[in-house]
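S.K.: input-v6.txt is reproduced in full below (compact mmCIF, C-alpha atoms).
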# COMPACT_ATOMS: atom_id res chain seq x y z
CA MET A 1 -22.22 -20.79 1.56
CA LYS A 2 -25.72 -19.92 0.31
CA PHE A 3 -25.74 -16.76 2.45
CA LEU A 4 -23.12 -15.21 0.14
CA PRO A 5 -24.12 -13.07 -2.86
CA LEU A 6 -24.16 -14.86 -6.23
CA TRP A 7 -21.00 -13.19 -7.56
CA MET A 8 -19.08 -14.39 -4.49
CA GLN A 9 -20.46 -17.90 -4.79
CA ARG A 10 -19.29 -17.82 -8.42
CA LEU A 11 -15.75 -17.01 -7.26
CA ALA A 12 -15.74 -20.22 -5.18
CA SER A 13 -15.77 -22.13 -8.49
CA PRO A 14 -12.17 -22.53 -9.81
CA GLN A 15 -13.29 -21.97 -13.41
CA TYR A 16 -15.17 -18.73 -12.79
CA PHE A 17 -12.56 -17.55 -10.31
CA PHE A 18 -9.83 -17.97 -12.95
CA LEU A 19 -11.79 -16.18 -15.65
CA ASP A 20 -13.44 -13.43 -13.57
CA ILE A 21 -10.62 -12.36 -11.30
CA LYS A 22 -8.14 -11.14 -13.94
CA VAL A 23 -9.71 -7.68 -14.29
CA TRP A 24 -9.67 -7.25 -10.49
CA ILE A 25 -5.97 -8.13 -10.38
CA VAL A 26 -5.13 -5.54 -13.04
CA TRP A 27 -6.94 -2.81 -11.10
CA LEU A 28 -5.37 -3.82 -7.77
CA TYR A 29 -1.89 -3.78 -9.36
CA VAL A 30 -2.46 -0.33 -10.92
CA LEU A 31 -3.89 1.18 -7.71
CA GLY A 32 -1.24 -0.44 -5.50
CA VAL A 33 1.72 0.63 -7.65
CA VAL A 34 0.44 4.21 -8.15
CA GLY A 35 -0.31 4.52 -4.41
CA LEU A 36 3.13 3.19 -3.46
CA LEU A 37 4.85 5.58 -5.87
CA VAL A 38 2.88 8.55 -4.49
CA GLY A 39 3.41 7.57 -0.82
CA SER A 40 7.10 6.76 -1.29
CA ILE A 41 7.97 9.90 -3.29
CA TRP A 42 6.06 11.95 -0.71
CA GLY A 43 7.90 10.29 2.15
CA LEU A 44 11.30 10.53 0.49
CA ALA A 45 11.18 14.07 -0.83
CA PHE A 46 8.33 16.12 0.64
CA VAL A 47 8.45 15.66 4.42
CA PRO A 48 11.16 17.08 6.70
CA PRO A 49 13.71 14.84 8.49
CA GLU A 50 12.63 13.47 11.84
CA ARG A 51 13.92 15.33 14.92
CA LEU A 52 15.97 12.48 16.45
CA GLN A 53 16.60 9.99 13.62
CA GLY A 54 17.22 12.46 10.82
CA ASN A 55 16.62 11.06 7.32
CA SER A 56 16.92 7.38 8.25
CA PHE A 57 13.31 7.49 9.55
CA ARG A 58 12.17 7.53 5.88
CA ILE A 59 12.70 3.75 5.94
CA MET A 60 9.52 3.68 8.07
CA PHE A 61 7.35 4.39 5.00
CA VAL A 62 8.13 0.92 3.63
CA HIS A 63 9.14 -0.96 6.81
CA VAL A 64 5.88 -0.38 8.70
CA PRO A 65 3.47 -1.32 5.84
CA VAL A 66 5.32 -4.55 4.95
CA ALA A 67 5.66 -5.52 8.63
CA ILE A 68 1.91 -4.98 9.20
CA PHE A 69 0.91 -7.08 6.18
CA ALA A 70 3.49 -9.79 6.92
CA GLN A 71 1.38 -10.44 10.04
CA ILE A 72 -2.06 -9.85 8.50
CA VAL A 73 -1.32 -12.30 5.67
CA TYR A 74 -0.43 -14.94 8.28
CA ILE A 75 -3.71 -14.32 10.15
CA SER A 76 -5.60 -14.65 6.84
CA ILE A 77 -3.84 -17.99 6.16
CA ALA A 78 -4.85 -19.22 9.64
CA VAL A 79 -8.48 -18.18 8.88
CA ALA A 80 -8.26 -20.05 5.55
CA GLY A 81 -6.96 -23.04 7.53
CA VAL A 82 -10.08 -22.95 9.74
CA VAL A 83 -12.30 -22.61 6.64
CA HIS A 84 -10.55 -25.61 5.08
CA LEU A 85 -10.88 -27.77 8.19
CA VAL A 86 -14.54 -26.84 8.78
CA TRP A 87 -16.03 -26.51 5.27
CA LYS A 88 -13.38 -28.27 3.10
CA LEU A 89 -13.59 -25.36 0.67
CA LYS A 90 -11.09 -25.93 -2.17
CA MET A 91 -10.40 -22.24 -2.62
CA ALA A 92 -9.27 -21.99 1.03
CA ASP A 93 -6.41 -24.37 0.22
CA VAL A 94 -5.67 -22.46 -2.99
CA TYR A 95 -5.51 -19.29 -0.87
CA MET A 96 -3.07 -20.86 1.60
CA ALA A 97 -0.80 -22.04 -1.23
CA ALA A 98 -0.90 -18.61 -2.90
CA ALA A 99 -0.51 -16.43 0.19
CA ALA A 100 2.33 -18.27 1.98
CA PRO A 101 5.13 -17.18 -0.41
CA VAL A 102 3.80 -13.59 -0.38
CA GLY A 103 3.80 -13.56 3.42
CA PHE A 104 7.28 -15.08 3.45
CA TRP A 105 8.71 -12.33 1.26
CA LEU A 106 6.88 -9.56 3.14
CA THR A 107 8.35 -10.89 6.40
CA ALA A 108 11.83 -11.13 4.84
CA LEU A 109 11.41 -7.55 3.63
CA ALA A 110 10.26 -6.38 7.08
CA LEU A 111 13.33 -8.02 8.66
CA GLY A 112 15.67 -6.77 5.91
CA SER A 113 14.43 -3.18 6.04
CA GLY A 114 14.51 -3.32 9.86
CA MET A 115 18.12 -4.50 9.79
CA ILE A 116 19.10 -1.69 7.42
CA TRP A 117 17.24 0.82 9.63
CA GLY A 118 18.98 -0.63 12.71
CA MET A 119 22.44 0.21 11.37
CA PRO A 120 22.23 4.02 11.60
CA THR A 121 19.68 4.02 14.47
CA TRP A 122 20.90 1.32 16.87
CA GLY A 123 24.43 0.89 15.53
CA THR A 124 23.73 -2.77 14.74
CA PRO A 125 21.63 -4.59 12.12
CA TRP A 126 20.68 -7.43 14.48
CA GLU A 127 19.93 -7.73 18.15
CA TRP A 128 18.36 -10.66 20.02
CA ASP A 129 15.36 -8.46 20.65
CA ALA A 130 11.86 -9.88 21.29
CA ARG A 131 10.23 -8.09 18.31
CA ILE A 132 13.00 -9.12 15.90
CA VAL A 133 13.15 -12.72 17.11
CA THR A 134 9.35 -13.22 16.98
CA THR A 135 9.31 -11.76 13.47
CA PHE A 136 12.09 -14.19 12.54
CA ILE A 137 9.91 -17.01 13.95
CA LEU A 138 7.14 -15.76 11.64
CA LEU A 139 9.54 -16.16 8.71
CA ILE A 140 10.28 -19.75 9.81
CA LEU A 141 6.52 -20.43 10.10
CA TYR A 142 5.99 -19.21 6.53
CA LEU A 143 8.89 -21.40 5.41
CA GLY A 144 7.21 -24.31 7.19
CA LEU A 145 3.94 -23.64 5.32
CA ILE A 146 5.80 -23.66 1.99
CA VAL A 147 8.04 -26.68 2.69
CA LEU A 148 5.32 -28.83 4.30
CA ARG A 149 3.35 -28.82 1.05
CA GLN A 150 6.41 -30.11 -0.82
CA VAL A 151 7.33 -32.89 1.62
CA ILE A 152 3.89 -34.44 2.25
CA PRO A 153 3.01 -36.40 -0.91
CA ASN A 154 -0.73 -36.74 -0.16
CA PRO A 155 -2.32 -33.34 -1.02
CA ALA A 156 -5.29 -33.80 1.36
CA ARG A 157 -3.00 -34.64 4.28
CA ALA A 158 -0.65 -31.81 3.36
CA THR A 159 -3.53 -29.30 3.44
CA THR A 160 -4.73 -30.58 6.82
CA ALA A 161 -1.18 -30.36 8.25
CA LEU A 162 -0.77 -26.88 6.77
CA SER A 163 -4.07 -25.73 8.25
CA ILE A 164 -3.07 -26.99 11.72
CA LEU A 165 0.39 -25.37 11.46
CA ALA A 166 -1.19 -22.08 10.33
CA ILE A 167 -3.71 -22.08 13.19
CA VAL A 168 -1.20 -23.07 15.89
CA GLY A 169 1.40 -20.66 14.52
CA ALA A 170 -1.08 -17.78 14.73
CA ILE A 171 -0.28 -17.59 18.46
CA ASN A 172 2.96 -15.89 17.36
CA ILE A 173 1.06 -12.86 15.99
CA PRO A 174 -0.12 -11.40 19.35
CA ILE A 175 3.36 -12.20 20.72
CA ILE A 176 4.90 -10.10 17.92
CA LYS A 177 2.36 -7.35 18.56
CA TYR A 178 2.87 -7.17 22.33
CA SER A 179 6.59 -8.11 22.38
CA VAL A 180 7.46 -4.42 22.70
CA VAL A 181 5.14 -4.14 25.73
CA TRP A 182 5.86 -7.45 27.50
CA PHE A 183 9.64 -7.40 27.10
CA GLU A 184 12.34 -4.81 27.38
CA THR A 185 13.23 -4.34 23.76
CA LEU A 186 15.45 -2.23 21.60
CA HIS A 187 12.57 -1.94 19.12
CA GLN A 188 10.40 1.08 19.75
CA PRO A 189 6.79 0.59 20.95
CA ALA A 190 3.94 0.68 18.42
CA SER A 191 3.37 4.14 16.94
CA ILE A 192 -0.05 3.22 15.51
CA GLU A 193 -2.76 1.63 17.65
CA LEU A 194 -5.87 0.38 15.88
CA PHE A 195 -8.16 1.67 18.63
CA GLY A 196 -5.82 4.15 20.28
CA ASP A 197 -3.44 7.00 19.75
CA ILE A 198 -1.14 7.60 16.83
CA SER A 199 2.15 8.97 18.10
CA ILE A 200 3.44 9.86 14.63
CA ASP A 201 3.41 13.54 13.71
CA LYS A 202 0.54 14.51 11.37
CA ILE A 203 2.94 15.57 8.65
CA TYR A 204 4.21 11.98 8.31
CA ARG A 205 0.82 10.28 8.45
CA ILE A 206 -0.29 10.95 4.85
CA PRO A 207 2.65 9.18 3.13
CA LEU A 208 2.63 6.41 5.76
CA PHE A 209 -1.09 5.68 5.47
CA THR A 210 -0.91 5.98 1.67
CA ASN A 211 1.78 3.28 1.66
CA ILE A 212 -0.10 1.09 4.17
CA ALA A 213 -3.22 1.21 1.97
CA SER A 214 -1.14 0.63 -1.17
CA VAL A 215 0.74 -2.36 0.23
CA PHE A 216 -2.65 -3.81 1.25
CA ILE A 217 -4.04 -3.33 -2.26
CA LEU A 218 -0.91 -4.65 -3.98
CA THR A 219 -0.65 -7.64 -1.62
CA ALA A 220 -4.29 -8.51 -2.37
CA GLY A 221 -3.56 -8.28 -6.11
CA ILE A 222 -0.43 -10.45 -5.88
CA ILE A 223 -2.18 -13.11 -3.78
CA LEU A 224 -5.10 -13.20 -6.25
CA ALA A 225 -2.63 -13.49 -9.17
CA ASN A 226 -0.89 -16.37 -7.35
CA MET A 227 -4.28 -17.97 -6.68
CA ARG A 228 -5.04 -17.76 -10.39
CA TYR A 229 -1.80 -19.63 -11.17
CA VAL A 230 -2.39 -22.27 -8.47
CA THR A 231 -5.97 -22.71 -9.76
CA ILE A 232 -4.85 -23.45 -13.32
CA LEU A 233 -2.13 -25.84 -12.10
CA ARG A 234 -4.65 -27.85 -10.08
CA ASN A 235 -7.24 -27.89 -12.85
CA ALA A 236 -4.91 -28.51 -15.81
CA SER A 237 -6.83 -31.61 -16.89
CA LYS A 238 -10.29 -29.95 -16.78
CA ASN A 239 -12.22 -29.23 -19.98
CA TRP A 240 -12.47 -25.48 -19.37
CA VAL A 241 -8.66 -25.09 -19.34
CA GLN A 242 -8.15 -26.17 -22.98
CA PRO A 243 -10.00 -23.19 -24.56
CA TRP A 244 -7.88 -20.85 -22.40
CA ILE A 245 -4.63 -22.53 -23.50
CA GLN A 246 -5.72 -22.20 -27.12
CA GLY A 247 -6.58 -18.55 -26.55
CA ARG A 248 -10.31 -19.04 -27.11
CA ASN A 249 -11.32 -17.29 -23.90
CA ARG A 250 -9.80 -14.67 -21.57
CA MET B 1 19.21 16.81 -5.86
CA MET B 2 22.49 15.71 -4.19
CA GLU B 3 20.82 16.29 -0.82
CA LEU B 4 18.01 13.90 -1.76
CA LEU B 5 20.57 11.25 -2.71
CA THR B 6 22.93 11.58 0.25
CA MET B 7 20.34 12.48 2.95
CA ASP B 8 23.09 13.66 5.31
CA GLY B 9 24.81 10.28 5.24
CA HIS B 10 21.62 8.23 5.57
CA GLY B 11 21.02 7.96 1.80
CA ILE B 12 22.77 4.58 1.53
CA TYR B 13 20.37 3.06 4.12
CA VAL B 14 17.22 4.74 2.85
CA TRP B 15 17.81 4.13 -0.86
CA SER B 16 18.98 0.54 -0.39
CA THR B 17 15.74 -0.17 1.55
CA TYR B 18 13.57 1.31 -1.20
CA ILE B 19 15.52 -0.51 -3.94
CA LEU B 20 15.25 -3.81 -2.01
CA THR B 21 11.50 -3.27 -1.54
CA ALA B 22 11.05 -2.50 -5.25
CA ILE B 23 12.98 -5.65 -6.26
CA VAL B 24 10.96 -7.91 -3.94
CA LEU B 25 7.58 -6.40 -4.91
CA ILE B 26 8.35 -6.49 -8.65
CA GLY B 27 9.50 -10.10 -8.27
CA LEU B 28 6.37 -11.07 -6.32
CA GLY B 29 4.09 -9.22 -8.74
CA THR B 30 5.52 -10.64 -11.96
CA PHE B 31 6.13 -14.24 -10.77
CA PRO B 32 2.53 -15.52 -11.18
CA PHE B 33 2.21 -13.98 -14.65
CA ILE B 34 5.53 -15.45 -15.82
CA GLN B 35 4.56 -18.88 -14.46
CA LEU B 36 1.12 -18.65 -16.08
CA ARG B 37 2.67 -17.75 -19.45
CA ARG B 38 5.13 -20.67 -19.17
CA PHE B 39 2.28 -23.02 -18.30
CA LYS B 40 0.31 -21.85 -21.34
CA GLN B 41 3.30 -22.13 -23.69
CA ARG B 42 4.17 -25.62 -22.40
CA ASN B 43 0.63 -26.83 -22.95
CA GLN B 44 0.35 -25.17 -26.37
CA GLU B 45 3.52 -27.04 -27.43
CA ASP B 46 1.99 -30.30 -26.14
CA ILE B 47 -1.15 -29.70 -28.22
CA GLU B 48 0.93 -28.96 -31.35
CA LEU B 49 2.90 -32.20 -30.84
Once more with this new file: its structure as structure tokens, please.

M.R.:
Amino acid sequence: MKFLPLWMQRLASPQYFFLDIKVWIVWLYVLGVVGLLVGSIWGLAFVPPERLQGNSFRIMFVHVPVAIFAQIVYISIAVAGVVHLVWKLKMADVYMAAAAPVGFWLTALALGSGMIWGMPTWGTPWEWDARIVTTFILLILYLGLIVLRQVIPNPARATTALSILAIVGAINIPIIKYSVVWFETLHQPASIELFGDISIDKIYRIPLFTNIASVFILTAGIILANMRYVTILRNASKNWVQPWIQGRNR
Amino acid sequence: MMELLTMDGHGIYVWSTYILTAIVLIGLGTFPFIQLRRFKQRNQEDIEL
């Protein structure tokens, strides 16, 4: 890890991570919340209804960002799993413990908002559709990551099992992504391609991209805040924790 | 204003999605801070005992 700049190496230490990261979290929360308010108000009140779906399309401004980051958080957990297995970095395990519940709730929100959107658009909240089912599998994978930690008493074994589950489960992400291409689905094809066209009208892009950026920022802040809590739990007996409990440092 | 609330009959779907999102994100955002405060209080009580 010597190739990393000093401030990043410092963050690999639980003590310095806990003390240094708080100011970052505050800024990420402020930026994320302000961005989400701006993007959502813009999307709700300042863009015209969509030609075919009418006003129900406004659900897109929250559904798409949470669905994107439900998948990205899982990929990041799989990467942390690789880092844990290869380098045994403690913070990789802290990251996995902190990010799994966030990913779980983002996935639940993506499914929930999709079901609500399905009611006026498809006439049904649920369909055994490839995109919906693979996203539901993602939810089960997140649940597995959370439950596995509780049921395996040996922390080292639990982390290894979690890492393997995260890496193997990552195969579901390209399946989610291409489910709308490979299968005949009720779910519409992707409107945003990372290296391709964007089929969404320009007028809707500003609030959508504002919310995508904001959910990214807020998700980063929440995961870091969770990591801070997991860090203190795992280091409760360390000498540096006592001054913090007594309010003698930040 | 009424138009923004009703959205031609789609208001119930749109607003319930935004309210649900707000509840989940507020819950996710406050959870670590509440847990951290509880941890601190619990340990402060232990020190006082």

S.K.: Quick one: pull the distance between CA of Leu141 in chain A and CA of Ile192 in chain A, Å, one decimal.

M.R.: 25.1 Å

S.K.: Within 12 Å of (21.0, -0.1, 2.7) in the file's own coordinates, which protein, DNA or RNA residues have an atom, counting only C-alpha atoms? List them as a list in words.

M.R.: Ser56, Ile59, Gly112, Ser113, Gly114, Met115, Ile116, Trp117, Gly118, Met119, Pro120 and Pro125 of chain A; Gly9, His10, Gly11, Ile12, Tyr13, Val14, Trp15, Ser16, Thr17, Tyr18, Ile19, Leu20 and Thr21 of chain B

S.K.: Emit as JSON the padded axis-aligned box for all listed atoms of range 157-175 of chain A, 5 Å per side, with centre and edge lengths in Å to one decimal.

M.R.:
{"center_x": -0.7, "center_y": -23.0, "center_z": 12.0, "size_x": 18.1, "size_y": 33.2, "size_z": 27.4}

S.K.: Name all residues at most 9 Å from Asn172 in chain A (count all atoms listed in the file; drop same-chain ones fewer than 3 positions away) and give them as a list in words.

M.R.: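 Near Asn172 in chain A, the qualifying residues are Thr134, Thr135, Ile137, Leu138, Val168, Gly169, Ile175, Ile176 and Lys177 of chain A.
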
S.K.: If we count all atoms listed in the file, which residues of chain A reach to within 9 Å of chain B? Please list them as an NGL selection string.

M.R.: :A and (29 or 40 or 44-45 or 49 or 54-59 or 62-63 or 101-102 or 105-106 or 109 or 112-114 or 116-117 or 119-120 or 218-219 or 221-223 or 225-230 or 232-233 or 242 or 244-246)

S.K.: Rounded to one decimal place, report the CA of Ala158 in chain A-CA of Ala92 in chain A distance in Å.

M.R.: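 Here the two named atoms are 13.3 Å from each other.
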
S.K.: Within 12 Å of (0.1, 6.9, -1.3) (coordinates as in the file), grab all the protein and nucleic acid residues, counting only C-alpha atoms, and write them out as number ranges by chain.

M.R.: A: 31-44, 61-62, 65, 204-218

S.K.: Any idea what the distance is between CA of Asp20 in chain A and CA of His84 in chain A?

M.R.: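 Answer for the CA of Asp20 in chain A to CA of His84 in chain A separation: 22.5 Å.
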
S.K.: Please supply range 2-18 of chain A, rebuilt with N, CA, C and O atoms, as a CSV table (one decimal), in the frame of the given file.

M.R.:
chain,number,residue,atom,x,y,z
A,2,LYS,N,-24.6,-20.5,1.0
A,2,LYS,CA,-25.7,-19.9,0.3
A,2,LYS,C,-26.0,-18.5,0.8
A,2,LYS,O,-26.7,-17.7,0.1
A,3,PHE,N,-25.5,-18.1,1.9
A,3,PHE,CA,-25.7,-16.8,2.4
A,3,PHE,C,-24.9,-15.7,1.7
A,3,PHE,O,-25.1,-14.5,1.8
A,4,LEU,N,-24.0,-16.1,0.9
A,4,LEU,CA,-23.1,-15.2,0.1
A,4,LEU,C,-23.8,-14.8,-1.1
A,4,LEU,O,-24.6,-15.5,-1.7
A,5,PRO,N,-23.5,-13.5,-1.6
A,5,PRO,CA,-24.1,-13.1,-2.9
A,5,PRO,C,-23.6,-14.0,-4.0
A,5,PRO,O,-22.6,-14.6,-3.9
A,6,LEU,N,-24.4,-13.9,-5.1
A,6,LEU,CA,-24.2,-14.9,-6.2
A,6,LEU,C,-22.8,-14.7,-6.8
A,6,LEU,O,-22.1,-15.7,-7.1
A,7,TRP,N,-22.3,-13.4,-6.9
A,7,TRP,CA,-21.0,-13.2,-7.6
A,7,TRP,C,-19.9,-13.8,-6.7
A,7,TRP,O,-18.9,-14.2,-7.2
A,8,MET,N,-20.1,-13.8,-5.4
A,8,MET,CA,-19.1,-14.4,-4.5
A,8,MET,C,-19.1,-15.9,-4.6
A,8,MET,O,-18.1,-16.6,-4.5
A,9,GLN,N,-20.3,-16.5,-4.7
A,9,GLN,CA,-20.5,-17.9,-4.8
A,9,GLN,C,-19.8,-18.4,-6.1
A,9,GLN,O,-19.1,-19.4,-6.1
A,10,ARG,N,-19.9,-17.5,-7.1
A,10,ARG,CA,-19.3,-17.8,-8.4
A,10,ARG,C,-17.8,-17.9,-8.3
A,10,ARG,O,-17.1,-18.7,-8.9
A,11,LEU,N,-17.2,-17.0,-7.4
A,11,LEU,CA,-15.8,-17.0,-7.3
A,11,LEU,C,-15.2,-18.3,-6.5
A,11,LEU,O,-14.0,-18.6,-6.6
A,12,ALA,N,-16.1,-19.0,-5.9
A,12,ALA,CA,-15.7,-20.2,-5.2
A,12,ALA,C,-15.5,-21.3,-6.2
A,12,ALA,O,-14.9,-22.4,-5.9
A,13,SER,N,-16.0,-21.1,-7.4
A,13,SER,CA,-15.8,-22.1,-8.5
A,13,SER,C,-14.4,-21.8,-9.2
A,13,SER,O,-14.2,-20.7,-9.6
A,14,PRO,N,-13.5,-22.8,-9.2
A,14,PRO,CA,-12.2,-22.5,-9.8
A,14,PRO,C,-12.3,-21.9,-11.2
A,14,PRO,O,-11.5,-21.0,-11.5
A,15,GLN,N,-13.2,-22.5,-12.0
A,15,GLN,CA,-13.3,-22.0,-13.4
A,15,GLN,C,-13.7,-20.5,-13.5
A,15,GLN,O,-13.0,-19.7,-14.1
A,16,TYR,N,-14.7,-20.1,-12.8
A,16,TYR,CA,-15.2,-18.7,-12.8
A,16,TYR,C,-14.2,-17.8,-12.1
A,16,TYR,O,-14.0,-16.7,-12.5
A,17,PHE,N,-13.6,-18.3,-11.0
A,17,PHE,CA,-12.6,-17.6,-10.3
A,17,PHE,C,-11.5,-17.2,-11.3
A,17,PHE,O,-11.1,-16.0,-11.4
A,18,PHE,N,-10.9,-18.2,-12.0
A,18,PHE,CA,-9.8,-18.0,-13.0
A,18,PHE,C,-10.2,-17.0,-14.0
A,18,PHE,O,-9.4,-16.1,-14.4
